[in-house]
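J.: Quick one: structure below, then a few questions.
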Amino acid sequence: MDFIEGEIICLNKPYGMSSFGALARARTILSRKLGVKRLKTGHAGTLDPLATGVLILCTGKKTKQIETLQYHSKEYTATLQLGATTPSFDREHTVDHTFPTAHITRELILRTLPMFLGEIKQIPPEYSACKIDGQRAYKLMRKGQNVELKPKILQIDEIELTHFDSRTMQMGIRVVCGKGTYIRALARDIGQALGSGAFLTELCRTRLGEVRVEDCIALDCFEQWVDEHVEVV
């Protein structure tokens with residue numbers, strides 16, 4: 001493989017690491033193995049630090065394909081905790097509000113989920129990389145500033161309930177969607193539609209375009225994988 005000329009690498013991003021952090025680690029390993037100071041790299045489709053799954057890295061001239069790759073269809077699996085919210089709509093922050101859940105049934109969920117099919121409007125999370133006057137929204141939030149983001153038009157192609165536990169009030173969903181969809185914001189909106197609250201406890205991107213998570217390289221195995229594909233310098 002010619003990583004300097006350009007290759008596409010499919011990585012399974014680990015939990016707790018940013019997409020940039022995963023890219024930086026992969027770039028360091030590749031640069032060292034190739035004997036170059038800094039290999040040209042980029043990634044398509046950012047994942048939150050608490051999410052796992054498909055992260056596509058591009059090297060060399062293949063970085064020109066990043067924008068195209070970001071528009072490919074994506075599939076996610078997620079677990080939602082009903083009856084509570086957090087400021088970031090995931091476990092990055094602690095619970096800030098709780099809500100009743102006694103009225104929530106599997107039947108109510110099955111009636112509610114189709115509301116999110118097709119073209120929908122979604123307000124991105126305040127703790128996100130969206131820019132406001134050139135500054136990232138999450139950075140403004142961490143400074144204690146108020147953030148107001150405008151709704152975006154998104155496409156949800158599929159959404160299904162994969163499991164529901166009425167005892168713990170946790171539900172699982174599988175979502176197929178287009179570019180720009182925040183599953184954290186979808187969890188927030190599903191919770192509101194159910195007359196309660198919700199936040200993500202788990203999120204995995206299982207597919208990006210034709211690339212599935214089972215075909216991706218675990219970051220812990222990346223150095224060994226590189227050794228098998230380049231001549232060690």
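Chain labels A, B, ... are given in the sequence in which chains occur in the structure tokens; within each chain residues are numbered consecutively from 1, and ligands are likewise numbered from 1 in the order shown.
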Might you pull out every residue within 7 Å of stretch 70-84 of chain A, with only C-alpha atoms counted and same-chain residues fewer than 3 positions away left off, and present them as number ranges by chain?
T.: A: 44-45, 66-67, 95, 97-101, 169-179, 187, 191, 196-209
J.: Show which residues sit within 8 Å of A:Met1, as a PDB file with all heavy atoms, in the first residue's frame. Count only C-alpha atoms, and ignore same-chain residues fewer than 6 positions away.
T.:
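Produced file around_11.pdb, reproduced below:
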ATOM      1  N   GLU A   7      -4.075   6.550   0.456  1.00  0.00           N
ATOM      2  CA  GLU A   7      -4.862   5.352   0.765  1.00  0.00           C
ATOM      3  C   GLU A   7      -6.039   5.739   1.652  1.00  0.00           C
ATOM      4  O   GLU A   7      -6.024   6.791   2.300  1.00  0.00           O
ATOM      5  CB  GLU A   7      -4.013   4.304   1.498  1.00  0.00           C
ATOM      6  CG  GLU A   7      -2.853   3.741   0.708  1.00  0.00           C
ATOM      7  CD  GLU A   7      -3.279   2.793  -0.392  1.00  0.00           C
ATOM      8  OE1 GLU A   7      -4.480   2.446  -0.472  1.00  0.00           O
ATOM      9  OE2 GLU A   7      -2.394   2.389  -1.184  1.00  0.00           O
ATOM     10  N   HIS A 229       1.628  -3.973   6.034  1.00  0.00           N
ATOM     11  CA  HIS A 229       1.329  -3.311   4.757  1.00  0.00           C
ATOM     12  C   HIS A 229       2.397  -2.328   4.280  1.00  0.00           C
ATOM     13  O   HIS A 229       2.295  -1.797   3.184  1.00  0.00           O
ATOM     14  CB  HIS A 229      -0.025  -2.584   4.850  1.00  0.00           C
ATOM     15  CG  HIS A 229      -1.195  -3.517   4.921  1.00  0.00           C
ATOM     16  ND1 HIS A 229      -1.595  -4.122   6.077  1.00  0.00           N
ATOM     17  CD2 HIS A 229      -2.037  -3.967   3.948  1.00  0.00           C
ATOM     18  CE1 HIS A 229      -2.643  -4.881   5.836  1.00  0.00           C
ATOM     19  NE2 HIS A 229      -2.926  -4.811   4.560  1.00  0.00           N
ATOM     20  N   VAL A 230       3.380  -2.064   5.108  1.00  0.00           N
ATOM     21  CA  VAL A 230       4.497  -1.217   4.657  1.00  0.00           C
ATOM     22  C   VAL A 230       5.805  -1.854   5.088  1.00  0.00           C
ATOM     23  O   VAL A 230       5.864  -2.653   6.036  1.00  0.00           O
ATOM     24  CB  VAL A 230       4.427   0.219   5.241  1.00  0.00           C
ATOM     25  CG1 VAL A 230       3.144   0.897   4.845  1.00  0.00           C
ATOM     26  CG2 VAL A 230       4.611   0.211   6.743  1.00  0.00           C
TER      27      VAL A 230
END
J.: DSSP on the backbone, then: every residue of stretch 34-230 of chain A marked strand (DSSP E), written as a ChimeraX atom specification.
T.: /A:41-44,52-59,74-82,84-85,97-98,118-122,131-132,135-136,152-165,170-177,198-208,211-212,217-218
J.: Between atom CA of A:Thr52 and atom CA of A:Leu117, what is the spacing in Å?
T.: 23.8 Å
J.: Using Å and a single decimal, report how far atom CA of A:Leu161 sits from atom CA of A:Thr68.
T.: 29.8 Å
J.: So which residues touch stretch 9-20 of chain A within 8 Å, counting only C-alpha atoms, skipping near sequence neighbours fewer than 6 positions away, as a ChimeraX atom specification?
T.: /A:43,46-58,211,213,215-219
J.: Applying 9 Å and only C-alpha atoms, which residues near A:Lys152 remain after dropping the ones on its own chain fewer than 5 positions away? List them as an mmCIF file with all heavy atoms, in the first residue's frame.
T.:
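Written output follows (selection-v2.cif):
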data_model
loop_
_atom_site.group_PDB
_atom_site.id
_atom_site.type_symbol
_atom_site.label_atom_id
_atom_site.label_comp_id
_atom_site.auth_asym_id
_atom_site.auth_seq_id
_atom_site.Cartn_x
_atom_site.Cartn_y
_atom_site.Cartn_z
ATOM 1 N N ILE A 120 -36.440 15.783 8.209
ATOM 2 C CA ILE A 120 -36.806 16.366 9.495
ATOM 3 C C ILE A 120 -35.956 17.596 9.780
ATOM 4 O O ILE A 120 -34.900 17.798 9.176
ATOM 5 C CB ILE A 120 -36.645 15.358 10.654
ATOM 6 C CG1 ILE A 120 -35.156 15.009 10.858
ATOM 7 C CG2 ILE A 120 -37.466 14.100 10.406
ATOM 8 C CD1 ILE A 120 -34.863 14.267 12.147
ATOM 9 N N LYS A 121 -36.427 18.422 10.723
ATOM 10 C CA LYS A 121 -35.631 19.535 11.226
ATOM 11 C C LYS A 121 -35.011 19.125 12.553
ATOM 12 O O LYS A 121 -35.676 18.528 13.400
ATOM 13 C CB LYS A 121 -36.503 20.776 11.423
ATOM 14 C CG LYS A 121 -36.920 21.476 10.143
ATOM 15 C CD LYS A 121 -37.689 22.753 10.452
ATOM 16 C CE LYS A 121 -38.071 23.492 9.183
ATOM 17 N NZ LYS A 121 -38.808 24.746 9.480
ATOM 18 N N GLN A 122 -33.743 19.445 12.727
ATOM 19 C CA GLN A 122 -33.056 19.099 13.970
ATOM 20 C C GLN A 122 -32.165 20.249 14.410
ATOM 21 O O GLN A 122 -31.392 20.788 13.618
ATOM 22 C CB GLN A 122 -32.202 17.844 13.781
ATOM 23 C CG GLN A 122 -31.521 17.371 15.052
ATOM 24 C CD GLN A 122 -30.574 16.215 14.802
ATOM 25 O OE1 GLN A 122 -29.432 16.417 14.397
ATOM 26 N NE2 GLN A 122 -31.052 14.995 15.027
ATOM 27 N N ILE A 123 -32.296 20.639 15.671
ATOM 28 C CA ILE A 123 -31.398 21.643 16.244
ATOM 29 C C ILE A 123 -30.190 20.911 16.801
ATOM 30 O O ILE A 123 -30.330 20.026 17.648
ATOM 31 C CB ILE A 123 -32.093 22.441 17.361
ATOM 32 C CG1 ILE A 123 -33.317 23.183 16.816
ATOM 33 C CG2 ILE A 123 -31.116 23.426 17.988
ATOM 34 C CD1 ILE A 123 -34.144 23.885 17.877
ATOM 35 N N PRO A 124 -28.985 21.224 16.325
ATOM 36 C CA PRO A 124 -27.783 20.538 16.822
ATOM 37 C C PRO A 124 -27.604 20.752 18.324
ATOM 38 O O PRO A 124 -28.084 21.744 18.890
ATOM 39 C CB PRO A 124 -26.640 21.197 16.034
ATOM 40 C CG PRO A 124 -27.296 21.783 14.828
ATOM 41 C CD PRO A 124 -28.663 22.199 15.266
ATOM 42 N N GLY A 180 -24.705 15.158 8.700
ATOM 43 C CA GLY A 180 -25.074 16.205 9.639
ATOM 44 C C GLY A 180 -26.019 15.798 10.747
ATOM 45 O O GLY A 180 -26.389 16.624 11.585
ATOM 46 N N THR A 181 -26.429 14.523 10.784
ATOM 47 C CA THR A 181 -27.360 14.066 11.818
ATOM 48 C C THR A 181 -26.624 13.853 13.133
ATOM 49 O O THR A 181 -25.602 13.161 13.186
ATOM 50 C CB THR A 181 -28.024 12.748 11.397
ATOM 51 O OG1 THR A 181 -28.649 12.920 10.131
ATOM 52 C CG2 THR A 181 -29.069 12.318 12.422
#
J.: Write down as a CSV table (one decimal) with N, CA and C atoms, in the first residue's frame the residues belonging to stretch 6-99 of chain A that are assigned alpha helix (DSSP H) by DSSP computed on the backbone.
T.:
chain,number,residue,atom,x,y,z
A,19,SER,N,-12.2,11.9,17.5
A,19,SER,CA,-11.8,11.5,16.1
A,19,SER,C,-10.4,12.0,15.7
A,20,PHE,N,-10.1,13.3,16.1
A,20,PHE,CA,-8.8,13.9,15.9
A,20,PHE,C,-7.7,13.1,16.6
A,21,GLY,N,-8.0,12.7,17.9
A,21,GLY,CA,-7.0,11.9,18.6
A,21,GLY,C,-6.7,10.6,17.9
A,22,ALA,N,-7.7,9.9,17.4
A,22,ALA,CA,-7.5,8.7,16.7
A,22,ALA,C,-6.7,8.9,15.4
A,23,LEU,N,-7.0,10.0,14.7
A,23,LEU,CA,-6.3,10.3,13.5
A,23,LEU,C,-4.8,10.6,13.9
A,24,ALA,N,-4.6,11.4,14.9
A,24,ALA,CA,-3.2,11.8,15.3
A,24,ALA,C,-2.4,10.5,15.7
A,25,ARG,N,-3.0,9.6,16.4
A,25,ARG,CA,-2.3,8.4,16.7
A,25,ARG,C,-1.9,7.6,15.5
A,26,ALA,N,-2.9,7.4,14.6
A,26,ALA,CA,-2.6,6.7,13.4
A,26,ALA,C,-1.6,7.4,12.5
A,27,ARG,N,-1.7,8.7,12.4
A,27,ARG,CA,-0.7,9.4,11.6
A,27,ARG,C,0.7,9.3,12.2
A,28,THR,N,0.8,9.3,13.5
A,28,THR,CA,2.2,9.2,14.2
A,28,THR,C,2.8,7.8,13.9
A,29,ILE,N,1.9,6.8,13.9
A,29,ILE,CA,2.4,5.4,13.6
A,29,ILE,C,2.8,5.3,12.2
A,30,LEU,N,2.0,5.8,11.3
A,30,LEU,CA,2.3,5.7,9.8
A,30,LEU,C,3.6,6.6,9.5
A,31,SER,N,3.7,7.8,10.0
A,31,SER,CA,4.8,8.6,9.8
A,31,SER,C,6.1,8.0,10.2
A,32,ARG,N,6.1,7.4,11.4
A,32,ARG,CA,7.3,6.7,11.9
A,32,ARG,C,7.7,5.5,11.0
A,33,LYS,N,6.7,4.7,10.7
A,33,LYS,CA,7.0,3.5,9.8
A,33,LYS,C,7.4,3.9,8.4
A,34,LEU,N,6.9,5.0,7.9
A,34,LEU,CA,7.3,5.4,6.6
A,34,LEU,C,8.6,6.2,6.5
A,66,ILE,N,-12.4,13.3,1.0
A,66,ILE,CA,-13.0,13.4,2.4
A,66,ILE,C,-14.4,14.0,2.3
A,67,GLU,N,-14.6,15.1,1.6
A,67,GLU,CA,-15.9,15.8,1.5
A,67,GLU,C,-16.9,14.8,0.9
A,68,THR,N,-16.6,14.1,-0.2
A,68,THR,CA,-17.5,13.2,-0.8
A,68,THR,C,-17.9,12.0,0.2
A,69,LEU,N,-16.9,11.5,0.9
A,69,LEU,CA,-17.1,10.4,1.8
A,69,LEU,C,-18.1,10.9,2.9
A,70,GLN,N,-18.0,12.1,3.3
A,70,GLN,CA,-18.9,12.6,4.4
A,70,GLN,C,-20.4,12.6,4.0
